[in-house]
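This report refers to the structure that appears directly beneath it.
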Amino acid sequence: MSADRETDHPMAQHDIALLLADAADEVEIGIAPTQALIRGGRRRKARRWAVAAATTLVVTGSTGALAMTGLPGADGGDRGAPTATRPTLTASPPPLRPPTGVTLATGTDAGAPWHVTLDVWPAPVDVEDARSSMNAMVRYDETPGVNTPEELVGRSAWFVHRGTTTKDGVDQEHLTLQGLTGRDDTMSGKDIDAVAVPLSPFAEGPERLVIGHVAKTARQVTCTWKDGTTTKIDKAPVHTGADSDGLTLRTADGSPYHWFVCLAPTGTEYESAEVTG
Amino acid sequence: MGESKQAGDSAFQAFVTGRWPRLMRTAFLLTGEQHAAEDLVQTTLEQVYVAWRRVASADEPEAYVRRVMINAHARRHRRKLREFLAPKGDDPGPAHEIADTGDRIAQADDRHALLKALAELPPRQREAVVLRYWEDLTETQTAAAMGCSVGAVKSNAAKGIAKLRAIPALADMVTYGGRK
(Lines give C-alpha, C1' and ligand atoms only; values in the text may rest on other atoms or scores of the structure.)
Protein backbone atom coordinates (compact mmCIF):
# COMPACT_ATOMS: atom_id res chain seq x y z
CA MET A 1 0.00 0.00 0.00
CA SER A 2 1.37 3.39 -0.84
CA ALA A 3 2.03 6.03 1.74
CA ASP A 4 -0.59 8.29 0.20
CA ARG A 5 -3.24 5.67 0.46
CA GLU A 6 -2.33 5.11 4.06
CA THR A 7 -2.94 8.71 5.02
CA ASP A 8 -5.99 9.05 2.85
CA HIS A 9 -7.68 6.43 4.94
CA PRO A 10 -9.93 8.31 7.37
CA MET A 11 -9.51 5.73 10.10
CA ALA A 12 -5.76 6.08 9.94
CA GLN A 13 -6.07 9.83 10.42
CA HIS A 14 -8.58 9.46 13.22
CA ASP A 15 -6.48 6.87 14.98
CA ILE A 16 -3.26 8.76 14.75
CA ALA A 17 -4.96 11.90 16.04
CA LEU A 18 -6.22 9.99 19.06
CA LEU A 19 -2.83 8.48 19.69
CA LEU A 20 -1.12 11.83 19.43
CA ALA A 21 -3.60 13.39 21.85
CA ASP A 22 -2.99 10.55 24.23
CA ALA A 23 0.76 10.88 23.99
CA ALA A 24 0.62 14.66 24.36
CA ASP A 25 -1.05 14.25 27.74
CA GLU A 26 2.15 12.66 28.95
CA VAL A 27 3.90 16.00 29.25
CA GLU A 28 3.88 17.91 32.52
CA ILE A 29 2.50 21.31 31.67
CA GLY A 30 3.61 23.32 34.68
CA ILE A 31 3.22 27.05 35.08
CA ALA A 32 4.22 29.32 32.23
CA PRO A 33 7.43 31.15 33.28
CA THR A 34 6.30 34.45 31.85
CA GLN A 35 8.83 36.65 33.58
CA ALA A 36 11.70 34.40 32.56
CA LEU A 37 10.45 34.46 29.00
CA ILE A 38 10.33 38.23 28.96
CA ARG A 39 13.82 38.44 30.36
CA GLY A 40 15.01 35.93 27.80
CA GLY A 41 13.25 37.80 25.01
CA ARG A 42 14.92 41.03 25.99
CA ARG A 43 18.31 39.39 26.03
CA ARG A 44 17.64 37.79 22.68
CA LYS A 45 16.58 41.10 21.22
CA ALA A 46 19.93 42.65 21.84
CA ARG A 47 22.25 39.76 21.29
CA ARG A 48 21.20 37.26 18.76
CA TRP A 49 24.69 35.91 18.74
CA ALA A 50 25.81 35.67 22.30
CA VAL A 51 26.84 39.25 22.71
CA ALA A 52 28.34 39.36 26.16
CA ALA A 53 26.73 42.55 27.24
CA ALA A 54 23.46 43.24 28.95
CA THR A 55 20.56 44.49 26.90
CA THR A 56 17.65 46.79 26.99
CA LEU A 57 14.37 46.99 25.20
CA VAL A 58 12.16 47.50 22.25
CA VAL A 59 10.21 50.66 22.13
CA THR A 60 7.20 51.80 20.25
CA GLY A 61 7.40 55.45 19.53
CA SER A 62 5.25 58.28 20.64
CA THR A 63 5.45 61.96 20.05
CA GLY A 64 7.36 64.24 22.29
CA ALA A 65 9.16 67.53 22.10
CA LEU A 66 12.48 66.93 23.70
CA ALA A 67 15.42 69.21 24.14
CA MET A 68 18.49 68.28 22.20
CA THR A 69 21.87 67.80 23.70
CA GLY A 70 25.02 66.85 21.94
CA LEU A 71 26.92 63.66 22.06
CA PRO A 72 29.71 63.37 24.58
CA GLY A 73 32.44 65.88 24.00
CA ALA A 74 30.73 67.41 21.04
CA ASP A 75 33.27 70.15 21.11
CA GLY A 76 36.14 67.83 21.68
CA GLY A 77 35.85 65.44 18.81
CA ASP A 78 34.03 62.66 20.65
CA ARG A 79 31.13 62.43 18.30
CA GLY A 80 30.00 60.24 15.52
CA ALA A 81 30.74 60.80 11.87
CA PRO A 82 28.83 58.53 9.52
CA THR A 83 30.51 57.65 6.29
CA ALA A 84 29.30 56.76 2.87
CA THR A 85 27.50 53.70 1.65
CA ARG A 86 29.81 51.13 0.18
CA PRO A 87 29.27 50.33 -3.46
CA THR A 88 27.05 47.47 -4.40
CA LEU A 89 28.67 44.33 -5.71
CA THR A 90 26.72 42.24 -8.14
CA ALA A 91 28.81 39.10 -8.45
CA SER A 92 27.30 35.97 -6.96
CA PRO A 93 28.72 34.96 -4.57
CA PRO A 94 30.43 38.27 -3.83
CA PRO A 95 34.18 37.91 -3.59
CA LEU A 96 34.96 40.19 -0.71
CA ARG A 97 31.98 41.97 0.80
CA PRO A 98 28.26 41.42 0.96
CA PRO A 99 26.30 43.20 -1.73
CA THR A 100 25.48 46.20 0.42
CA GLY A 101 27.55 47.40 3.32
CA VAL A 102 26.77 50.63 5.11
CA THR A 103 28.66 52.33 7.85
CA LEU A 104 25.87 53.50 10.09
CA ALA A 105 28.11 55.55 12.35
CA THR A 106 31.67 56.08 13.42
CA GLY A 107 33.23 58.17 16.13
CA THR A 108 35.67 58.27 18.95
CA ASP A 109 34.94 57.83 22.62
CA ALA A 110 37.56 58.59 25.24
CA GLY A 111 40.07 58.51 22.46
CA ALA A 112 39.04 55.10 21.14
CA PRO A 113 37.54 54.80 17.65
CA TRP A 114 34.25 52.97 17.28
CA HIS A 115 31.98 52.05 14.41
CA VAL A 116 28.67 50.42 13.63
CA THR A 117 28.14 48.79 10.24
CA LEU A 118 25.20 47.18 8.50
CA ASP A 119 25.39 44.43 5.88
CA VAL A 120 22.28 43.82 3.80
CA TRP A 121 22.02 40.84 1.51
CA PRO A 122 19.49 41.10 -1.29
CA ALA A 123 16.55 38.75 -1.23
CA PRO A 124 17.33 35.68 -3.36
CA VAL A 125 14.96 35.16 -6.23
CA ASP A 126 14.99 31.37 -6.12
CA VAL A 127 16.43 28.42 -4.23
CA GLU A 128 19.63 28.33 -6.23
CA ASP A 129 20.18 32.01 -5.62
CA ALA A 130 19.45 31.48 -1.93
CA ARG A 131 21.95 28.66 -1.74
CA SER A 132 24.62 30.85 -3.32
CA SER A 133 23.82 33.67 -0.93
CA MET A 134 24.06 31.42 2.10
CA ASN A 135 27.39 30.07 0.92
CA ALA A 136 28.66 33.60 0.42
CA MET A 137 27.42 34.69 3.84
CA VAL A 138 29.52 32.01 5.47
CA ARG A 139 32.61 33.82 4.23
CA TYR A 140 31.64 36.76 6.40
CA ASP A 141 30.62 34.70 9.41
CA GLU A 142 27.06 35.74 8.78
CA THR A 143 24.39 33.09 9.06
CA PRO A 144 20.77 33.97 8.36
CA GLY A 145 18.14 32.60 10.71
CA VAL A 146 16.79 30.03 8.31
CA ASN A 147 17.14 26.30 8.11
CA THR A 148 17.05 25.81 4.38
CA PRO A 149 17.74 27.92 1.29
CA GLU A 150 14.04 27.71 0.47
CA GLU A 151 13.24 29.78 3.54
CA LEU A 152 15.53 32.57 2.39
CA VAL A 153 13.91 33.04 -1.00
CA GLY A 154 12.29 36.46 -1.16
CA ARG A 155 13.80 37.55 2.16
CA SER A 156 16.66 39.93 2.72
CA ALA A 157 19.12 39.14 5.52
CA TRP A 158 20.76 41.94 7.48
CA PHE A 159 23.55 41.99 10.04
CA VAL A 160 24.72 44.81 12.28
CA HIS A 161 28.25 44.76 13.62
CA ARG A 162 29.75 47.09 16.17
CA GLY A 163 33.41 47.49 16.79
CA THR A 164 36.01 49.47 18.65
CA THR A 165 39.76 49.79 18.70
CA THR A 166 41.30 49.38 22.12
CA LYS A 167 44.02 51.61 23.50
CA ASP A 168 46.42 48.83 22.63
CA GLY A 169 45.40 49.14 19.02
CA VAL A 170 43.42 45.89 18.93
CA ASP A 171 40.40 45.95 16.67
CA GLN A 172 37.34 44.33 18.15
CA GLU A 173 34.20 43.68 16.16
CA HIS A 174 31.15 41.67 17.01
CA LEU A 175 27.90 40.80 15.34
CA THR A 176 25.34 42.60 17.43
CA LEU A 177 22.03 42.18 15.64
CA GLN A 178 20.67 40.24 12.73
CA GLY A 179 17.34 39.72 11.05
CA LEU A 180 15.36 38.98 7.93
CA THR A 181 12.97 41.19 6.04
CA GLY A 182 10.39 40.15 3.51
CA ARG A 183 8.21 42.12 1.19
CA ASP A 184 5.57 42.61 3.88
CA ASP A 185 8.07 43.50 6.55
CA THR A 186 7.75 47.23 6.74
CA MET A 187 7.42 49.82 9.46
CA SER A 188 5.20 52.85 9.47
CA GLY A 189 4.46 56.01 11.40
CA LYS A 190 6.31 56.12 14.67
CA ASP A 191 7.23 52.45 14.78
CA ILE A 192 10.69 51.97 16.17
CA ASP A 193 12.87 49.04 17.15
CA ALA A 194 15.87 49.95 19.25
CA VAL A 195 18.46 48.06 21.20
CA ALA A 196 20.99 49.41 23.66
CA VAL A 197 24.32 47.73 24.30
CA PRO A 198 27.67 48.68 25.79
CA LEU A 199 29.88 50.46 23.32
CA SER A 200 32.62 47.89 23.55
CA PRO A 201 31.56 44.53 22.13
CA PHE A 202 33.45 42.53 24.72
CA ALA A 203 33.11 44.56 27.87
CA GLU A 204 30.47 45.04 30.46
CA GLY A 205 29.36 48.58 31.03
CA PRO A 206 26.53 51.04 30.70
CA GLU A 207 24.29 50.57 27.68
CA ARG A 208 25.33 53.70 25.88
CA LEU A 209 25.18 52.59 22.26
CA VAL A 210 21.71 52.53 20.75
CA ILE A 211 21.09 50.89 17.39
CA GLY A 212 17.70 50.82 15.79
CA HIS A 213 15.53 51.16 12.77
CA VAL A 214 12.38 53.08 11.92
CA ALA A 215 10.00 53.60 9.03
CA LYS A 216 11.38 55.19 5.91
CA THR A 217 8.95 58.04 6.42
CA ALA A 218 10.63 59.00 9.69
CA ARG A 219 12.67 62.18 9.61
CA GLN A 220 13.93 62.36 13.14
CA VAL A 221 14.64 60.05 16.08
CA THR A 222 15.25 61.24 19.62
CA CYS A 223 17.25 59.15 22.04
CA THR A 224 16.66 59.95 25.69
CA TRP A 225 19.27 59.11 28.27
CA LYS A 226 18.77 58.24 31.89
CA ASP A 227 20.16 61.57 33.06
CA GLY A 228 17.37 63.30 31.17
CA THR A 229 19.43 64.60 28.29
CA THR A 230 18.60 63.70 24.72
CA THR A 231 20.19 63.28 21.32
CA LYS A 232 18.32 63.95 18.11
CA ILE A 233 19.11 62.09 14.94
CA ASP A 234 17.88 63.62 11.69
CA LYS A 235 17.60 62.19 8.22
CA ALA A 236 20.77 62.53 6.23
CA PRO A 237 20.78 65.10 3.45
CA VAL A 238 20.45 63.60 0.00
CA HIS A 239 24.08 64.16 -0.89
CA THR A 240 25.54 63.03 2.39
CA GLY A 241 28.87 61.38 1.85
CA ALA A 242 31.92 60.27 3.67
CA ASP A 243 32.75 63.81 4.63
CA SER A 244 29.41 64.39 6.31
CA ASP A 245 29.35 65.22 9.96
CA GLY A 246 26.99 64.15 12.72
CA LEU A 247 24.84 61.10 13.29
CA THR A 248 22.00 60.73 10.84
CA LEU A 249 19.24 58.39 9.80
CA ARG A 250 20.72 56.08 7.20
CA THR A 251 19.30 53.99 4.41
CA ALA A 252 20.73 50.87 2.83
CA ASP A 253 19.87 49.28 -0.47
CA GLY A 254 17.59 46.35 0.14
CA SER A 255 16.53 47.41 3.62
CA PRO A 256 12.97 48.65 4.17
CA TYR A 257 14.05 50.77 7.13
CA HIS A 258 15.88 53.91 8.10
CA TRP A 259 18.67 53.03 10.52
CA PHE A 260 20.05 55.13 13.34
CA VAL A 261 22.76 55.00 15.97
CA CYS A 262 22.97 57.08 19.16
CA LEU A 263 25.75 57.18 21.71
CA ALA A 264 24.95 58.30 25.24
CA PRO A 265 27.26 60.76 26.97
CA THR A 266 29.73 59.27 29.40
CA GLY A 267 28.14 58.63 32.77
CA THR A 268 24.64 57.88 31.57
CA GLU A 269 22.91 55.28 29.45
CA TYR A 270 19.89 54.48 27.37
CA GLU A 271 16.42 55.31 28.59
CA SER A 272 14.25 55.39 25.45
CA ALA A 273 14.08 56.22 21.78
CA GLU A 274 11.23 57.73 19.84
CA VAL A 275 10.39 58.90 16.37
CA THR A 276 9.91 62.63 16.78
CA GLY A 277 9.66 63.79 13.26
CA MET B 1 7.17 54.62 26.16
CA GLY B 2 7.25 52.96 29.54
CA GLU B 3 3.50 52.50 29.56
CA SER B 4 3.59 51.13 26.04
CA LYS B 5 6.24 48.63 27.02
CA GLN B 6 4.32 47.58 30.11
CA ALA B 7 1.16 47.12 28.09
CA GLY B 8 3.07 45.02 25.59
CA ASP B 9 4.53 42.88 28.34
CA SER B 10 1.11 42.39 29.89
CA ALA B 11 -0.39 41.32 26.61
CA PHE B 12 2.53 38.97 26.02
CA GLN B 13 2.07 37.45 29.45
CA ALA B 14 -1.61 36.89 28.81
CA PHE B 15 -0.82 35.30 25.47
CA VAL B 16 1.78 33.01 26.97
CA THR B 17 -0.42 31.95 29.84
CA GLY B 18 -3.23 31.03 27.48
CA ARG B 19 -1.12 29.15 24.97
CA TRP B 20 1.42 27.51 27.24
CA PRO B 21 -0.36 24.14 27.71
CA ARG B 22 -1.00 23.66 24.02
CA LEU B 23 2.50 24.70 23.05
CA MET B 24 3.98 22.36 25.62
CA ARG B 25 2.01 19.43 24.22
CA THR B 26 3.01 20.21 20.66
CA ALA B 27 6.64 20.63 21.66
CA PHE B 28 6.50 17.36 23.55
CA LEU B 29 5.32 15.53 20.47
CA LEU B 30 8.03 17.18 18.40
CA THR B 31 10.85 16.48 20.83
CA GLY B 32 9.60 13.43 22.73
CA GLU B 33 11.13 14.62 25.98
CA GLN B 34 9.94 16.85 28.81
CA HIS B 35 12.97 19.07 29.14
CA ALA B 36 13.50 19.34 25.42
CA ALA B 37 9.86 20.38 25.09
CA GLU B 38 10.23 23.06 27.76
CA ASP B 39 13.37 24.29 26.10
CA LEU B 40 11.72 24.43 22.69
CA VAL B 41 8.70 26.34 23.98
CA GLN B 42 10.91 28.75 25.87
CA THR B 43 13.07 29.40 22.82
CA THR B 44 9.96 29.88 20.73
CA LEU B 45 8.31 32.33 23.09
CA GLU B 46 11.47 34.35 23.60
CA GLN B 47 11.60 34.84 19.85
CA VAL B 48 7.92 35.71 19.85
CA TYR B 49 8.59 38.33 22.51
CA VAL B 50 11.22 39.93 20.29
CA ALA B 51 8.63 40.38 17.55
CA TRP B 52 5.69 40.80 19.89
CA ARG B 53 4.50 44.10 18.49
CA ARG B 54 4.02 42.51 15.10
CA VAL B 55 2.77 39.20 16.44
CA ALA B 56 0.13 40.88 18.55
CA SER B 57 -1.20 42.83 15.61
CA ALA B 58 -1.23 39.84 13.28
CA ASP B 59 -4.48 38.27 12.22
CA GLU B 60 -3.25 34.87 13.30
CA PRO B 61 -0.61 35.15 16.01
CA GLU B 62 -0.80 31.41 16.55
CA ALA B 63 0.38 30.82 13.00
CA TYR B 64 3.42 32.96 13.65
CA VAL B 65 4.16 31.09 16.84
CA ARG B 66 3.85 27.75 15.11
CA ARG B 67 6.26 28.87 12.43
CA VAL B 68 8.78 30.01 15.01
CA MET B 69 8.49 26.73 16.89
CA ILE B 70 8.96 24.63 13.78
CA ASN B 71 11.95 26.74 12.78
CA ALA B 72 13.45 26.36 16.22
CA HIS B 73 12.87 22.64 16.17
CA ALA B 74 14.36 22.27 12.72
CA ARG B 75 17.34 24.44 13.65
CA ARG B 76 18.32 21.95 16.30
CA HIS B 77 18.70 19.38 13.57
CA ARG B 78 20.43 21.61 11.09
CA ARG B 79 23.79 20.08 11.79
CA LYS B 80 22.41 16.59 12.12
CA LEU B 81 21.96 15.90 8.48
CA ARG B 82 22.45 12.24 9.09
CA GLU B 83 19.06 12.13 10.70
CA PHE B 84 17.47 13.49 7.56
CA LEU B 85 19.31 11.08 5.33
CA ALA B 86 19.46 7.92 7.39
CA PRO B 87 17.13 7.89 10.35
CA LYS B 88 18.23 4.41 11.27
CA GLY B 89 21.90 4.92 10.57
CA ASP B 90 24.80 3.40 12.40
CA ASP B 91 25.36 6.38 14.64
CA PRO B 92 22.01 7.36 16.08
CA GLY B 93 23.47 8.89 19.24
CA PRO B 94 23.09 12.58 18.51
CA ALA B 95 20.26 12.24 16.04
CA HIS B 96 17.24 11.92 18.27
CA GLU B 97 16.32 13.95 21.26
CA ILE B 98 15.18 10.85 23.13
CA ALA B 99 17.70 8.39 21.80
CA ASP B 100 19.17 7.87 25.24
CA THR B 101 15.82 6.77 26.60
CA GLY B 102 15.43 3.74 24.41
CA ASP B 103 15.44 1.22 27.23
CA ARG B 104 12.71 3.00 29.12
CA ILE B 105 10.59 3.37 26.02
CA ALA B 106 10.87 -0.30 25.22
CA GLN B 107 9.23 -1.06 28.53
CA ALA B 108 6.58 1.56 28.38
CA ASP B 109 2.99 1.70 27.24
CA ASP B 110 1.39 2.74 24.02
CA ARG B 111 2.08 6.41 24.62
CA HIS B 112 5.74 5.70 24.77
CA ALA B 113 5.52 3.48 21.75
CA LEU B 114 4.11 6.36 19.78
CA LEU B 115 6.63 8.84 21.12
CA LYS B 116 9.44 6.49 20.25
CA ALA B 117 8.03 5.98 16.80
CA LEU B 118 7.67 9.71 16.32
CA ALA B 119 11.24 10.27 17.43
CA GLU B 120 12.44 7.83 14.82
CA LEU B 121 10.85 9.84 12.06
CA PRO B 122 13.01 12.40 10.28
CA PRO B 123 12.22 15.87 11.67
CA ARG B 124 10.25 17.09 8.68
CA GLN B 125 8.03 14.02 8.70
CA ARG B 126 7.59 14.35 12.44
CA GLU B 127 6.63 18.00 12.08
CA ALA B 128 4.16 17.25 9.30
CA VAL B 129 2.48 14.49 11.30
CA VAL B 130 2.25 16.54 14.49
CA LEU B 131 0.92 19.64 12.77
CA ARG B 132 -1.56 17.78 10.60
CA TYR B 133 -2.89 15.28 13.11
CA TRP B 134 -2.29 16.85 16.49
CA GLU B 135 -2.62 20.55 15.71
CA ASP B 136 -5.29 19.59 13.16
CA LEU B 137 -4.00 22.10 10.66
CA THR B 138 -4.92 22.01 7.02
CA GLU B 139 -2.23 21.13 4.52
CA THR B 140 -1.97 24.79 3.60
CA GLN B 141 -1.58 25.87 7.22
CA THR B 142 0.98 23.15 7.79
CA ALA B 143 2.91 24.26 4.74
CA ALA B 144 2.95 27.80 6.08
CA ALA B 145 4.20 26.63 9.45
CA MET B 146 6.90 24.45 7.94
CA GLY B 147 7.89 26.95 5.31
CA CYS B 148 7.45 24.49 2.48
CA SER B 149 5.02 23.58 -0.27
CA VAL B 150 1.72 21.80 0.22
CA GLY B 151 3.16 18.98 -1.84
CA ALA B 152 6.04 18.61 0.59
CA VAL B 153 3.58 18.51 3.47
CA LYS B 154 1.57 15.77 1.78
CA SER B 155 4.69 13.79 1.08
CA ASN B 156 6.17 14.17 4.55
CA ALA B 157 2.89 13.43 6.32
CA ALA B 158 2.22 10.40 4.15
CA LYS B 159 5.65 8.95 4.68
CA GLY B 160 5.47 9.66 8.38
CA ILE B 161 2.12 7.99 8.83
CA ALA B 162 3.22 5.03 6.75
CA LYS B 163 6.27 4.55 8.95
CA LEU B 164 4.24 4.83 12.12
CA ARG B 165 1.81 2.22 10.91
CA ALA B 166 4.63 -0.06 9.92
CA ILE B 167 5.65 -0.36 13.55
CA PRO B 168 3.98 -3.49 14.94
CA ALA B 169 2.97 -2.07 18.32
CA LEU B 170 1.46 0.98 16.69
CA ALA B 171 -0.27 -1.00 13.99
CA ASP B 172 -2.01 -3.02 16.71
CA MET B 173 -3.16 0.12 18.43
CA VAL B 174 -4.53 1.56 15.24
CA THR B 175 -6.30 -1.67 14.48
CA TYR B 176 -8.15 -1.40 17.74
CA GLY B 177 -9.30 2.15 17.25
CA GLY B 178 -6.32 3.99 18.59
CA ARG B 179 -6.22 2.38 22.02
CA LYS B 180 -5.23 -1.01 23.24
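By convention in this document, the chains of the C-alpha coordinates carry letters A, B, ... by their order, each chain's residues are numbered from 1, and ligands are numbered from 1 in the order they are shown.
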Counting only C-alpha atoms, which residues of chain B come no farther than 8 Å from chain A, as a ChimeraX atom specification?
/B:1,4-5,9,13,16-17,20-21,24-26,28-29,34,42,45-50,71,74-75,78,111-112,114-115,130,133-134,147-148,154-155,157-159,161-162,174,177-179
Using CA of Glu33 in chain B and CA of Val55 in chain B as the two end points, give the distance in Å to one decimal.
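These atoms are spaced 27.7 Å apart.
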